[in-house]
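*Asks:* This one is start.tsv, TSV, C-alpha atoms and all ligand atoms.
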```
chain	number	residue	atom	x	y	z
A	14	MET	CA	79.28	-133.00	-4.89
A	15	SER	CA	77.38	-134.91	-7.48
A	16	ASP	CA	75.35	-133.18	-10.15
A	17	HIS	CA	73.07	-136.20	-10.49
A	18	PRO	CA	69.51	-134.77	-10.50
A	19	THR	CA	68.17	-137.46	-8.16
A	20	VAL	CA	70.64	-136.80	-5.34
A	21	PRO	CA	69.05	-133.51	-4.10
A	22	LEU	CA	65.67	-135.23	-3.97
A	23	LEU	CA	67.11	-138.00	-1.80
A	24	ILE	CA	68.87	-135.55	0.50
A	25	GLU	CA	65.71	-133.49	0.87
A	26	LYS	CA	63.61	-136.55	1.68
A	27	PHE	CA	65.97	-138.58	3.86
A	28	GLY	CA	68.36	-136.01	5.28
A	29	GLN	CA	71.99	-135.27	4.53
A	30	GLN	CA	73.30	-137.51	7.31
A	31	HIS	CA	71.90	-140.70	5.71
A	32	ILE	CA	73.01	-140.02	2.15
A	33	ASP	CA	76.65	-140.58	1.21
A	34	VAL	CA	77.24	-139.88	-2.48
A	35	ARG	CA	80.22	-141.25	-4.39
A	36	GLU	CA	81.11	-140.51	-8.00
A	37	PHE	CA	83.27	-142.76	-10.08
A	38	ASN	CA	83.65	-142.97	-13.87
A	39	GLY	CA	80.35	-141.19	-14.40
A	40	ASN	CA	78.46	-143.56	-12.10
A	41	THR	CA	76.72	-142.15	-9.08
A	42	THR	CA	76.61	-144.44	-6.07
A	43	VAL	CA	74.52	-143.53	-3.06
A	44	VAL	CA	75.47	-145.31	0.14
A	45	ILE	CA	72.60	-145.50	2.59
A	46	PRO	CA	72.03	-147.27	5.90
A	47	LYS	CA	70.29	-150.61	5.72
A	48	SER	CA	67.40	-149.39	7.86
A	49	ILE	CA	66.06	-147.03	5.19
A	50	LEU	CA	66.80	-149.25	2.16
A	51	VAL	CA	63.21	-150.19	1.40
A	52	ASP	CA	62.00	-146.61	1.92
A	53	VAL	CA	64.63	-145.18	-0.39
A	54	ILE	CA	63.98	-147.72	-3.12
A	55	THR	CA	60.20	-147.24	-2.82
A	56	PHE	CA	60.69	-143.49	-3.12
A	57	LEU	CA	62.92	-143.86	-6.18
A	58	TYR	CA	60.37	-146.17	-7.75
A	59	ASN	CA	57.26	-144.10	-7.08
A	60	ASP	CA	58.41	-140.50	-7.26
A	61	PRO	CA	57.51	-139.07	-10.68
A	62	ALA	CA	60.73	-137.06	-10.80
A	63	CYS	CA	62.78	-140.25	-10.28
A	64	GLY	CA	60.86	-143.05	-11.97
A	65	TYR	CA	63.43	-145.79	-11.44
A	66	LYS	CA	61.16	-148.56	-12.66
A	67	GLN	CA	63.87	-151.08	-13.41
A	68	LEU	CA	66.28	-152.90	-11.13
A	69	THR	CA	69.07	-154.06	-13.42
A	70	ASP	CA	70.91	-156.34	-11.01
A	71	VAL	CA	71.69	-157.16	-7.41
A	72	TRP	CA	75.15	-158.16	-6.34
A	73	GLY	CA	77.43	-158.33	-3.38
A	74	VAL	CA	81.00	-157.24	-2.83
A	75	ASP	CA	83.45	-158.57	-0.27
A	76	TYR	CA	85.72	-155.71	0.84
A	77	LEU	CA	88.07	-157.85	2.90
A	78	ASP	CA	91.62	-156.43	2.56
A	79	TYR	CA	90.35	-153.64	0.34
A	80	PRO	CA	93.00	-150.90	0.05
A	81	GLU	CA	90.59	-148.13	1.00
A	82	GLU	CA	88.73	-148.08	4.26
A	83	GLN	CA	85.10	-149.15	3.85
A	84	ASN	CA	82.14	-148.94	6.20
A	85	ALA	CA	81.94	-152.71	6.66
A	86	ARG	CA	83.14	-155.93	5.10
A	87	PHE	CA	80.24	-156.65	2.74
A	88	GLY	CA	78.38	-154.39	0.35
A	89	VAL	CA	75.18	-155.05	-1.57
A	90	LEU	CA	74.55	-152.99	-4.67
A	91	TYR	CA	71.33	-152.17	-6.46
A	92	PRO	CA	71.82	-150.45	-9.82
A	93	LEU	CA	68.56	-148.80	-10.86
A	94	LEU	CA	67.50	-147.56	-14.26
A	95	SER	CA	64.92	-144.93	-15.09
A	96	ILE	CA	63.78	-145.55	-18.64
A	97	ASP	CA	61.65	-142.36	-18.72
A	98	LYS	CA	64.51	-140.10	-17.71
A	99	ASN	CA	67.32	-142.20	-19.22
A	100	ARG	CA	69.21	-142.17	-15.95
A	101	ARG	CA	70.98	-144.65	-13.75
A	102	ILE	CA	71.79	-144.62	-10.06
A	103	ILE	CA	73.43	-147.21	-7.84
A	104	ILE	CA	72.17	-147.72	-4.30
A	105	LYS	CA	74.53	-149.43	-1.93
A	106	VAL	CA	74.27	-150.73	1.60
A	107	PHE	CA	77.07	-152.03	3.81
A	108	LEU	CA	76.67	-155.12	5.98
A	109	SER	CA	78.98	-156.01	8.79
A	110	GLU	CA	79.96	-159.62	9.32
A	111	ASP	CA	77.87	-160.10	12.43
A	112	ASP	CA	74.61	-159.07	10.75
A	113	LEU	CA	74.47	-160.33	7.18
A	114	THR	CA	70.79	-159.65	6.58
A	115	VAL	CA	69.17	-157.16	4.30
A	116	PRO	CA	65.48	-156.72	3.45
A	117	THR	CA	64.36	-158.17	0.14
A	118	LEU	CA	63.22	-155.83	-2.64
A	119	ASN	CA	60.83	-158.40	-3.99
A	120	GLY	CA	57.84	-156.34	-2.95
A	121	ILE	CA	58.94	-153.53	-5.28
A	122	TYR	CA	60.82	-155.28	-8.07
A	123	LYS	CA	59.61	-158.81	-8.85
A	124	GLY	CA	62.75	-159.32	-10.89
A	125	SER	CA	65.00	-159.09	-7.88
A	126	GLU	CA	64.11	-162.64	-6.91
A	127	TRP	CA	66.80	-164.60	-8.73
A	128	SER	CA	69.54	-161.98	-8.34
A	129	GLU	CA	68.97	-161.97	-4.62
A	130	ARG	CA	69.08	-165.74	-4.49
A	131	GLU	CA	72.38	-165.68	-6.34
A	132	THR	CA	73.86	-163.04	-4.02
A	133	ALA	CA	72.66	-165.02	-1.02
A	134	GLU	CA	74.32	-168.20	-2.25
A	135	MET	CA	77.61	-166.60	-3.29
A	136	TYR	CA	78.14	-164.43	-0.18
A	137	GLY	CA	75.94	-165.94	2.48
A	138	ILE	CA	73.83	-162.80	2.77
A	139	THR	CA	70.25	-163.38	3.92
A	140	PHE	CA	67.50	-161.48	2.16
A	141	GLU	CA	64.78	-161.15	4.76
A	142	GLY	CA	61.27	-161.75	3.51
A	143	HIS	CA	62.40	-163.37	0.27
A	144	PRO	CA	59.50	-165.46	-1.11
A	145	ASP	CA	61.68	-168.35	-2.27
A	146	PRO	CA	65.05	-168.43	-0.50
A	147	ARG	CA	66.33	-171.67	-2.04
A	148	ARG	CA	69.82	-171.92	-3.48
A	149	ILE	CA	69.93	-171.24	-7.19
A	150	LEU	CA	73.14	-171.79	-9.20
A	151	LEU	CA	75.69	-173.94	-7.46
A	152	CYS	CA	75.40	-177.69	-7.10
A	153	ASP	CA	74.78	-179.41	-3.78
A	154	LEU	CA	78.52	-179.72	-3.08
A	155	PHE	CA	78.51	-176.02	-2.22
A	156	GLU	CA	75.81	-176.23	0.42
A	157	GLY	CA	76.81	-173.85	3.21
A	158	LYS	CA	79.89	-172.59	1.32
A	159	TYR	CA	80.12	-169.13	-0.16
A	160	PRO	CA	82.62	-169.21	-3.01
A	161	LEU	CA	82.71	-165.51	-3.86
A	162	ARG	CA	83.90	-164.53	-0.39
A	163	LYS	CA	87.53	-163.55	-0.30
A	164	THR	CA	88.16	-166.14	2.38
A	165	TYR	CA	87.07	-168.99	0.13
A	166	PRO	CA	90.01	-170.69	-1.63
A	167	LEU	CA	89.99	-169.99	-5.36
A	168	LYS	CA	90.57	-173.64	-6.20
A	169	GLY	CA	87.75	-174.73	-3.94
A	170	GLN	CA	87.71	-177.08	-1.00
A	171	GLY	CA	88.00	-180.28	-3.01
A	172	GLU	CA	84.64	-180.05	-4.79
A	173	ARG	CA	86.12	-180.49	-8.22
A	174	GLU	CA	88.08	-183.56	-7.10
A	175	SER	CA	85.18	-185.28	-5.41
A	176	PHE	CA	83.58	-187.32	-8.19
A	177	THR	CA	83.75	-191.02	-8.94
A	178	PRO	CA	85.54	-191.75	-12.21
A	179	ILE	CA	83.90	-194.05	-14.72
A	180	THR	CA	86.00	-196.38	-16.80
A	181	THR	CA	85.55	-198.11	-20.11
A	182	GLU	CA	84.31	-201.21	-18.27
A	183	SER	CA	82.00	-199.55	-15.79
A	184	ALA	CA	80.16	-197.52	-18.41
B	3	MET	CA	89.35	-202.88	-47.17
B	4	ASP	CA	91.93	-205.58	-46.86
B	5	GLY	CA	90.42	-207.77	-49.52
B	6	ASN	CA	92.07	-211.10	-49.85
B	7	ARG	CA	91.78	-212.45	-53.36
B	8	ASN	CA	94.68	-214.79	-52.89
B	9	ASN	CA	92.76	-217.43	-51.02
B	10	LEU	CA	90.62	-218.07	-54.08
B	11	PRO	CA	91.70	-220.45	-56.77
B	12	ASP	CA	93.54	-218.44	-59.43
B	13	ALA	CA	91.02	-219.12	-62.10
B	14	LEU	CA	88.20	-217.75	-60.06
B	15	ALA	CA	90.06	-214.76	-58.65
B	16	ASP	CA	90.64	-213.29	-62.05
B	17	LYS	CA	87.19	-213.81	-63.42
B	18	LEU	CA	84.70	-213.20	-60.66
B	19	PRO	CA	83.95	-209.76	-59.22
B	20	ILE	CA	84.42	-211.12	-55.75
B	21	LEU	CA	86.34	-209.78	-52.82
B	22	THR	CA	86.68	-211.75	-49.61
B	23	THR	CA	87.31	-210.26	-46.21
B	24	THR	CA	86.60	-210.85	-42.57
B	25	LEU	CA	83.38	-209.67	-41.01
B	26	ASP	CA	85.26	-207.54	-38.49
B	27	THR	CA	87.08	-205.69	-41.24
B	28	ALA	CA	83.89	-205.06	-43.13
B	29	VAL	CA	82.10	-203.83	-40.04
B	30	GLY	CA	85.07	-201.68	-39.06
B	31	TRP	CA	85.16	-200.15	-42.51
B	32	CYS	CA	81.48	-199.25	-42.30
B	33	ARG	CA	81.87	-197.84	-38.81
B	34	LYS	CA	84.78	-195.71	-39.84
B	35	TYR	CA	82.65	-193.72	-42.22
B	36	SER	CA	79.53	-193.54	-40.11
B	37	LEU	CA	80.62	-192.10	-36.80
B	38	TRP	CA	77.73	-190.25	-35.23
B	39	PRO	CA	79.11	-187.50	-33.01
B	40	MET	CA	77.36	-186.11	-30.00
B	41	PRO	CA	78.52	-182.51	-29.55
B	42	PHE	CA	78.87	-181.77	-25.84
B	43	ALA	CA	79.61	-178.13	-26.47
B	44	THR	CA	79.69	-176.08	-23.27
B	45	ALA	CA	81.80	-173.08	-24.29
B	46	CYS	CA	83.65	-171.31	-27.08
B	47	CYS	CA	85.19	-174.51	-28.46
B	48	GLY	CA	81.65	-175.45	-29.42
B	49	ILE	CA	81.64	-172.59	-31.91
B	50	GLU	CA	84.78	-173.94	-33.52
B	51	PHE	CA	83.18	-177.35	-33.61
B	52	MET	CA	80.19	-175.89	-35.48
B	53	ALA	CA	82.60	-174.46	-38.01
B	54	VAL	CA	84.14	-177.89	-38.52
B	55	ALA	CA	80.74	-179.40	-39.09
B	56	CYS	CA	79.74	-176.72	-41.59
B	57	SER	CA	80.48	-176.57	-45.28
B	58	ARG	CA	83.90	-174.99	-45.27
B	59	PHE	CA	85.63	-177.78	-43.36
B	60	ASP	CA	82.81	-180.24	-43.84
B	61	LEU	CA	82.91	-183.14	-41.43
B	62	ALA	CA	80.63	-184.94	-43.87
B	63	ARG	CA	83.70	-185.81	-45.93
B	64	PHE	CA	84.57	-188.19	-43.10
B	65	GLY	CA	81.06	-189.48	-42.71
B	66	ALA	CA	80.65	-187.82	-39.34
B	67	GLU	CA	78.13	-185.12	-40.13
B	68	ALA	CA	75.13	-186.75	-38.48
B	69	MET	CA	75.19	-184.84	-35.19
B	70	ARG	CA	72.95	-186.44	-32.62
B	71	PHE	CA	71.78	-184.57	-29.61
B	72	THR	CA	70.85	-187.75	-27.84
B	73	PRO	CA	73.65	-190.00	-26.58
B	74	ARG	CA	71.64	-193.11	-27.38
B	75	GLN	CA	72.08	-192.51	-31.09
B	76	SER	CA	75.75	-191.60	-31.09
B	77	ASP	CA	79.09	-193.28	-30.66
B	78	LEU	CA	81.54	-190.38	-30.61
B	79	LEU	CA	81.47	-187.84	-27.80
B	80	PHE	CA	83.06	-184.48	-28.56
B	81	VAL	CA	83.61	-182.62	-25.30
B	82	ALA	CA	84.12	-179.06	-26.51
B	83	GLY	CA	84.54	-176.55	-23.72
B	84	ARG	CA	84.97	-176.38	-19.99
B	85	VAL	CA	83.06	-178.76	-17.79
B	86	THR	CA	81.92	-177.42	-14.43
B	87	VAL	CA	81.39	-179.49	-11.33
B	88	LYS	CA	77.68	-179.07	-11.87
B	89	MET	CA	77.93	-180.39	-15.43
B	90	LEU	CA	80.24	-183.31	-14.75
B	91	PRO	CA	77.57	-185.75	-13.53
B	92	VAL	CA	75.65	-184.94	-16.72
B	93	LEU	CA	78.72	-185.69	-18.83
B	94	GLN	CA	79.25	-189.00	-17.07
B	95	ARG	CA	75.61	-189.92	-17.55
B	96	ILE	CA	75.77	-189.06	-21.22
B	97	TYR	CA	78.89	-191.16	-21.66
B	98	GLN	CA	77.22	-194.09	-19.98
B	99	GLN	CA	74.18	-193.81	-22.21
B	100	MET	CA	76.10	-193.91	-25.49
B	101	CYS	CA	76.14	-197.05	-27.60
B	102	GLU	CA	79.13	-199.38	-27.71
B	103	PRO	CA	81.65	-199.11	-29.21
B	104	LYS	CA	82.14	-195.48	-28.23
B	105	TRP	CA	84.91	-192.95	-28.27
B	106	VAL	CA	85.56	-189.66	-26.52
B	107	VAL	CA	87.40	-186.66	-27.92
B	108	SER	CA	88.50	-184.00	-25.46
B	109	MET	CA	88.66	-180.82	-27.48
B	110	GLY	CA	90.61	-177.77	-26.38
B	111	ALA	CA	92.66	-176.77	-23.37
B	112	CYS	CA	89.62	-176.48	-21.11
B	113	ALA	CA	88.19	-179.92	-21.59
B	114	SER	CA	91.62	-181.54	-21.37
B	115	THR	CA	93.09	-179.63	-18.42
B	116	GLY	CA	90.69	-176.95	-17.22
B	117	GLY	CA	92.63	-174.33	-19.19
B	118	VAL	CA	92.95	-170.96	-17.55
B	119	PHE	CA	89.89	-171.66	-15.43
B	120	ASP	CA	91.70	-173.01	-12.41
B	121	THR	CA	88.79	-172.30	-10.08
B	122	TYR	CA	86.45	-173.99	-7.66
B	123	ALA	CA	83.79	-174.51	-10.29
B	124	VAL	CA	85.71	-176.07	-13.18
B	125	VAL	CA	86.86	-179.68	-13.49
B	126	GLN	CA	90.60	-179.77	-14.25
B	127	GLY	CA	90.52	-182.22	-17.13
B	128	ILE	CA	87.62	-184.51	-17.91
B	129	ASP	CA	89.96	-187.50	-18.20
B	130	GLN	CA	89.91	-187.73	-14.41
B	131	TYR	CA	86.31	-188.87	-14.61
B	132	VAL	CA	85.59	-190.27	-18.08
B	133	PRO	CA	87.92	-192.21	-20.39
B	134	VAL	CA	89.30	-189.94	-23.11
B	135	ASP	CA	90.60	-191.36	-26.38
B	136	VAL	CA	91.89	-188.36	-28.25
B	137	TYR	CA	93.11	-185.06	-26.79
B	138	ILE	CA	93.17	-182.03	-29.05
B	139	PRO	CA	95.12	-179.07	-27.65
B	140	GLY	CA	94.46	-175.49	-28.65
B	141	CYS	CA	92.31	-172.63	-27.53
B	142	PRO	CA	90.32	-173.31	-29.60
B	143	PRO	CA	91.96	-175.99	-31.76
B	144	ARG	CA	92.14	-175.37	-35.49
B	145	PRO	CA	89.55	-177.26	-37.51
B	146	GLU	CA	92.38	-179.19	-39.16
B	147	GLN	CA	93.38	-180.54	-35.76
B	148	LEU	CA	89.85	-181.61	-35.09
B	149	ILE	CA	89.68	-183.40	-38.39
B	150	GLU	CA	92.93	-185.11	-37.57
B	151	GLY	CA	91.50	-186.19	-34.24
B	152	LEU	CA	88.52	-187.64	-36.02
B	153	MET	CA	90.83	-189.49	-38.40
B	154	GLN	CA	92.58	-191.06	-35.42
B	155	ILE	CA	89.26	-192.33	-34.18
B	156	GLN	CA	88.50	-193.62	-37.67
B	157	LYS	CA	91.77	-195.53	-37.67
B	158	ILE	CA	90.84	-197.34	-34.49
B	159	ALA	CA	87.29	-197.93	-35.64
B	160	ALA	CA	88.59	-199.47	-38.85
B	161	GLU	CA	90.66	-201.99	-36.95
B	162	GLY	CA	87.39	-203.73	-36.33
B	163	LYS	CA	87.76	-204.20	-32.63
B	164	THR	CA	84.17	-204.86	-31.81
B	165	GLN	CA	84.89	-205.78	-28.19
B	166	SER	CA	84.86	-202.84	-25.87
B	167	ARG	CA	88.34	-201.63	-25.19
B	168	SER	CA	89.66	-201.80	-21.69
B	169	LYS	CA	91.93	-198.76	-22.06
B	170	PRO	CA	91.38	-195.37	-23.65
B	171	LEU	CA	93.57	-194.64	-26.65
B	172	GLY	CA	95.25	-191.57	-25.16
B	173	VAL	CA	96.18	-190.06	-28.52
B	174	VAL	CA	97.30	-186.43	-28.52
B	175	ILE	CA	96.94	-184.43	-31.71
B	176	GLU	CA	99.82	-182.01	-31.99
B	177	PRO	CA	99.49	-178.74	-33.79
B	178	LYS	CA	101.34	-178.95	-37.09
B	179	ARG	CA	101.64	-175.28	-37.88
B	180	THR	CA	104.27	-173.26	-36.03
B	181	PRO	CA	103.02	-169.79	-35.17
B	182	VAL	CA	104.82	-167.06	-37.11
B	183	PRO	CA	106.38	-164.34	-34.94
B	184	LEU	CA	104.82	-160.94	-35.49
B	185	SER	CA	108.02	-159.52	-37.03
B	186	LEU	CA	107.79	-162.13	-39.78
B	187	LYS	CA	104.21	-161.33	-40.67
B	188	PRO	CA	103.38	-162.48	-44.22
B	189	LYS	CA	103.05	-159.88	-46.94
B	190	GLU	CA	99.56	-159.03	-48.13
B	191	GLU	CA	99.96	-160.93	-51.43
B	192	ASP	CA	101.18	-164.07	-49.64
B	193	ILE	CA	98.06	-164.40	-47.55
B	194	LEU	CA	95.80	-167.17	-48.82
B	195	LYS	CA	92.47	-165.84	-49.97
B	196	PRO	CA	89.40	-167.70	-48.76
B	197	PRO	CA	88.30	-170.43	-51.16
B	198	GLY	CA	85.33	-168.41	-52.33
B	199	SER	CA	87.43	-165.69	-53.92
B	200	MET	CA	89.69	-168.13	-55.77
B	201	CYS	CA	87.19	-169.48	-58.21
C	1	LIG	S1	89.95	-174.11	-24.87
C	1	LIG	FE1	89.71	-171.93	-25.32
C	1	LIG	S2	88.17	-171.88	-26.96
C	1	LIG	FE2	88.05	-173.88	-25.96
C	1	LIG	S3	86.48	-173.68	-24.37
C	1	LIG	FE3	88.46	-173.25	-23.44
C	1	LIG	S4	88.66	-171.02	-23.55
C	1	LIG	FE4	87.08	-171.61	-25.01
```
As a first step, turn the structure in this file into structure tokens.

*Replies:*
Amino acid sequence: MSDHPTVPLLIEKFGQQHIDVREFNGNTTVVIPKSILVDVITFLYNDPACGYKQLTDVWGVDYLDYPEEQNARFGVLYPLLSIDKNRRIIIKVFLSEDDLTVPTLNGIYKGSEWSERETAEMYGITFEGHPDPRRILLCDLFEGKYPLRKTYPLKGQGERESFTPITTESA
Amino acid sequence: MDGNRNNLPDALADKLPILTTTLDTAVGWCRKYSLWPMPFATACCGIEFMAVACSRFDLARFGAEAMRFTPRQSDLLFVAGRVTVKMLPVLQRIYQQMCEPKWVVSMGACASTGGVFDTYAVVQGIDQYVPVDVYIPGCPPRPEQLIEGLMQIQKIAAEGKTQSRSKPLGVVIEPKRTPVPLSLKPKEEDILKPPGSMC
């Protein structure tokens, strides 16, 4: 069991059955069901004993062909930082392929906006309630393609070969 | 400059401080020492390019120190670093906006071939989409190689071909220095000290 001081608070509030704690390399990851994501994050933000006022990143993981059994194919991770307590915790939700939606955290952390847009574009995960769900990084050639999925070919689907060359005369 | 005193009558040639030449040669000679590079530095090679432009290697010795960050004022495009599919249209646009006559140097493994970045996002060699005159291999290339690349461009510029060329030059600068195997590492006293400590 983890000796992270926030974990008992989460278990007390949300119940043992919803909180799955994993320790690796000194990082504590708490896997929770998607349905209580916003509640958990709101609690971690507001509770004076937690005080996780900063969301450092949002990213997705594709667990296709992962050596260890996982709850579902996709994971979304939210590493949080408490500056007051000098503590970090990672919240993780699993998404199965048939329901790739997760609620946005934009109501709690304004800074989640761009990270969520990036995760959405790279993995095709929809962040419900996002104020500005446009694509963010990739060019238009990648419309509807999700290059960080394991099923996407590393060398692309011909995007990098699809331009018109210019020659010394045509320039 | 290929001055041609011989066309003058002998008497004049010896006495007058005159040198005759063709206009093309004169223009080419001027161009050679006033290349205005546009650094298209998208990755680590750009750092090496900055070093070449700074005092230690000093591109100013070749008259190419006037970096322009607008293509409309430059005639030599240095592509230093990897070019992504998102950046490629920008590169093409910049090339099109440069003044004639213009040259392109593809610096480093990434710009020339995509390097180790064989992925969906990186163009595998800019010469597929823009004409490249000089390729400089290396990761990053040594400043000496860059200077040699510039000297190749100078050579062409000096030929005074004012018409736009129909074909890129396709010159490859080869590294001159063979890497020393680790077992043959030089002794401490053999290592060249930086110029500063010599004087
Ligand atoms: S060739 Fe090497 S130094 Fe140059 S951009 Fe590529 S990785 Fe960086």

*Asks:* Can you work out which one of B:Gln154, B:Ile128, B:Pro143, B:Met52 has the shortest atom-to-atom distance to Leu90 in chain B, counting all atoms listed in the file?

*Replies:*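 Among the listed residues, B:Ile128 lies closest to Leu90 in chain B.
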
*Asks:* Show me which bits of chain A are within 6 Å of chain B, counting all atoms listed in the file, as a list of chain:residue names.

*Replies:*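 That gives A:Cys152, A:Leu167, A:Lys168, A:Gly169, A:Arg173, A:Pro178, A:Ile179, A:Thr180, A:Thr181, A:Ala184 for chain A.
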
*Asks:* Give the residues close to ligand LIG 1 (chain C), within 8 Å, counting all atoms listed in the file; write them as a list in words.

*Replies:* Thr44, Ala45, Cys46, Cys47, Gly48, Glu50, Ala82, Gly83, Arg84, Met109, Gly110, Ala111, Cys112, Ala113, Gly116, Gly117, Val118, Pro139, Gly140, Cys141, Pro142 and Pro143 of chain B

*Asks:* Find the distance between CA of Pro46 in chain A and CA of Ile32 in chain A and write it in Å to one decimal.

*Replies:* 8.2 Å

*Asks:* Which residues are near range 139-143 of chain A? Cut-off 12 Å, all atoms listed in the file, ignore same chain within fewer than 2 positions. Put them as a VMD selection string.

*Replies:* chain A and resid 47 51 71 to 73 89 108 110 to 137 145 to 148

*Asks:* Would you output that residue set with C-alpha atoms, as a PDB file, in the coordinates of the input?

*Replies:*
```pdb
ATOM      1  CA  LYS A  47      70.290-150.610   5.720  1.00  0.00           C
ATOM      2  CA  VAL A  51      63.210-150.190   1.400  1.00  0.00           C
ATOM      3  CA  VAL A  71      71.690-157.160  -7.410  1.00  0.00           C
ATOM      4  CA  TRP A  72      75.150-158.160  -6.340  1.00  0.00           C
ATOM      5  CA  GLY A  73      77.430-158.330  -3.380  1.00  0.00           C
ATOM      6  CA  VAL A  89      75.180-155.050  -1.570  1.00  0.00           C
ATOM      7  CA  LEU A 108      76.670-155.120   5.980  1.00  0.00           C
ATOM      8  CA  GLU A 110      79.960-159.620   9.320  1.00  0.00           C
ATOM      9  CA  ASP A 111      77.870-160.100  12.430  1.00  0.00           C
ATOM     10  CA  ASP A 112      74.610-159.070  10.750  1.00  0.00           C
ATOM     11  CA  LEU A 113      74.470-160.330   7.180  1.00  0.00           C
ATOM     12  CA  THR A 114      70.790-159.650   6.580  1.00  0.00           C
ATOM     13  CA  VAL A 115      69.170-157.160   4.300  1.00  0.00           C
ATOM     14  CA  PRO A 116      65.480-156.720   3.450  1.00  0.00           C
ATOM     15  CA  THR A 117      64.360-158.170   0.140  1.00  0.00           C
ATOM     16  CA  LEU A 118      63.220-155.830  -2.640  1.00  0.00           C
ATOM     17  CA  ASN A 119      60.830-158.400  -3.990  1.00  0.00           C
ATOM     18  CA  GLY A 120      57.840-156.340  -2.950  1.00  0.00           C
ATOM     19  CA  ILE A 121      58.940-153.530  -5.280  1.00  0.00           C
ATOM     20  CA  TYR A 122      60.820-155.280  -8.070  1.00  0.00           C
ATOM     21  CA  LYS A 123      59.610-158.810  -8.850  1.00  0.00           C
ATOM     22  CA  GLY A 124      62.750-159.320 -10.890  1.00  0.00           C
ATOM     23  CA  SER A 125      65.000-159.090  -7.880  1.00  0.00           C
ATOM     24  CA  GLU A 126      64.110-162.640  -6.910  1.00  0.00           C
ATOM     25  CA  TRP A 127      66.800-164.600  -8.730  1.00  0.00           C
ATOM     26  CA  SER A 128      69.540-161.980  -8.340  1.00  0.00           C
ATOM     27  CA  GLU A 129      68.970-161.970  -4.620  1.00  0.00           C
ATOM     28  CA  ARG A 130      69.080-165.740  -4.490  1.00  0.00           C
ATOM     29  CA  GLU A 131      72.380-165.680  -6.340  1.00  0.00           C
ATOM     30  CA  THR A 132      73.860-163.040  -4.020  1.00  0.00           C
ATOM     31  CA  ALA A 133      72.660-165.020  -1.020  1.00  0.00           C
ATOM     32  CA  GLU A 134      74.320-168.200  -2.250  1.00  0.00           C
ATOM     33  CA  MET A 135      77.610-166.600  -3.290  1.00  0.00           C
ATOM     34  CA  TYR A 136      78.140-164.430  -0.180  1.00  0.00           C
ATOM     35  CA  GLY A 137      75.940-165.940   2.480  1.00  0.00           C
ATOM     36  CA  ASP A 145      61.680-168.350  -2.270  1.00  0.00           C
ATOM     37  CA  PRO A 146      65.050-168.430  -0.500  1.00  0.00           C
ATOM     38  CA  ARG A 147      66.330-171.670  -2.040  1.00  0.00           C
ATOM     39  CA  ARG A 148      69.820-171.920  -3.480  1.00  0.00           C
TER      40      ARG A 148
END
```

*Asks:* What is the distance, in Å and to one decimal place, between CA of Ser36 in chain B and CA of Ala68 in chain B?

*Replies:*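 That distance, rounded to one decimal, is 8.3 Å.
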
*Asks:* Determine the nearest neighbour of Asp135 in chain B from the options B:Leu21, B:Val92, B:Ala66, B:Leu78, counting all atoms listed in the file.

*Replies:* B:Leu78

*Asks:* Which distance in Å separates CA of Thr27 in chain B and CA of Gln156 in chain B, to one decimal?

*Replies:*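 Atom-to-atom, CA of Thr27 in chain B and CA of Gln156 in chain B are spaced 12.7 Å apart.
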
*Asks:* Taking every listed atom of range 108-127 of chain B and adding 8 Å to each side, what centre and edge lengths in Å (one decimal) does the axis-aligned box have, as lines of an AutoDock Vina configuration file?

*Replies:*
```
center_x = 88.4
center_y = -177.5
center_z = -17.6
size_x = 25.3
size_y = 29.0
size_z = 35.8
```

*Asks:* Can you pull out every residue within 10 Å of Arg100 in chain A, counting only C-alpha atoms, but drop anything in the same chain fewer than 5 positions away, and send it as a list in words?

*Replies:*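 Final neighbour list, sorted by chain and number: His17, Pro18, Thr19, Cys63, Gly64, Tyr65, Leu93, Leu94 and Ser95 of chain A.
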
*Asks:* Env of Asn84 in chain A: 12 Å cut, atoms = all atoms listed in the file, seq-sep filter 6 positions within chain, self excluded. Answer as a PDB file with C-alpha atoms, in the coordinates of the input.

*Replies:*
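Final output, saved to selection-v5.pdb:
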```pdb
ATOM      1  CA  ASP A  33      76.650-140.580   1.210  1.00  0.00           C
ATOM      2  CA  VAL A  44      75.470-145.310   0.140  1.00  0.00           C
ATOM      3  CA  ILE A  45      72.600-145.500   2.590  1.00  0.00           C
ATOM      4  CA  PRO A  46      72.030-147.270   5.900  1.00  0.00           C
ATOM      5  CA  LYS A  47      70.290-150.610   5.720  1.00  0.00           C
ATOM      6  CA  ASP A  75      83.450-158.570  -0.270  1.00  0.00           C
ATOM      7  CA  TYR A  76      85.720-155.710   0.840  1.00  0.00           C
ATOM      8  CA  LEU A  77      88.070-157.850   2.900  1.00  0.00           C
ATOM      9  CA  LYS A 105      74.530-149.430  -1.930  1.00  0.00           C
ATOM     10  CA  VAL A 106      74.270-150.730   1.600  1.00  0.00           C
ATOM     11  CA  PHE A 107      77.070-152.030   3.810  1.00  0.00           C
ATOM     12  CA  LEU A 108      76.670-155.120   5.980  1.00  0.00           C
ATOM     13  CA  SER A 109      78.980-156.010   8.790  1.00  0.00           C
ATOM     14  CA  GLU A 110      79.960-159.620   9.320  1.00  0.00           C
TER      15      GLU A 110
END
```

*Asks:* Point out the residue among B:Val29, B:Met40, B:Ala53, B:Leu18 with the least atom-to-atom distance to Leu148 in chain B, counting only C-alpha atoms.

*Replies:* B:Ala53

*Asks:* My list of candidates is A:Ser15, A:Ile138, A:Asp97, A:Ile104. Which is closest to Phe37 in chain A when distances are computed with all atoms listed in the file?

*Replies:*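 Among the listed residues, the smallest separation from Phe37 in chain A belongs to A:Ser15.
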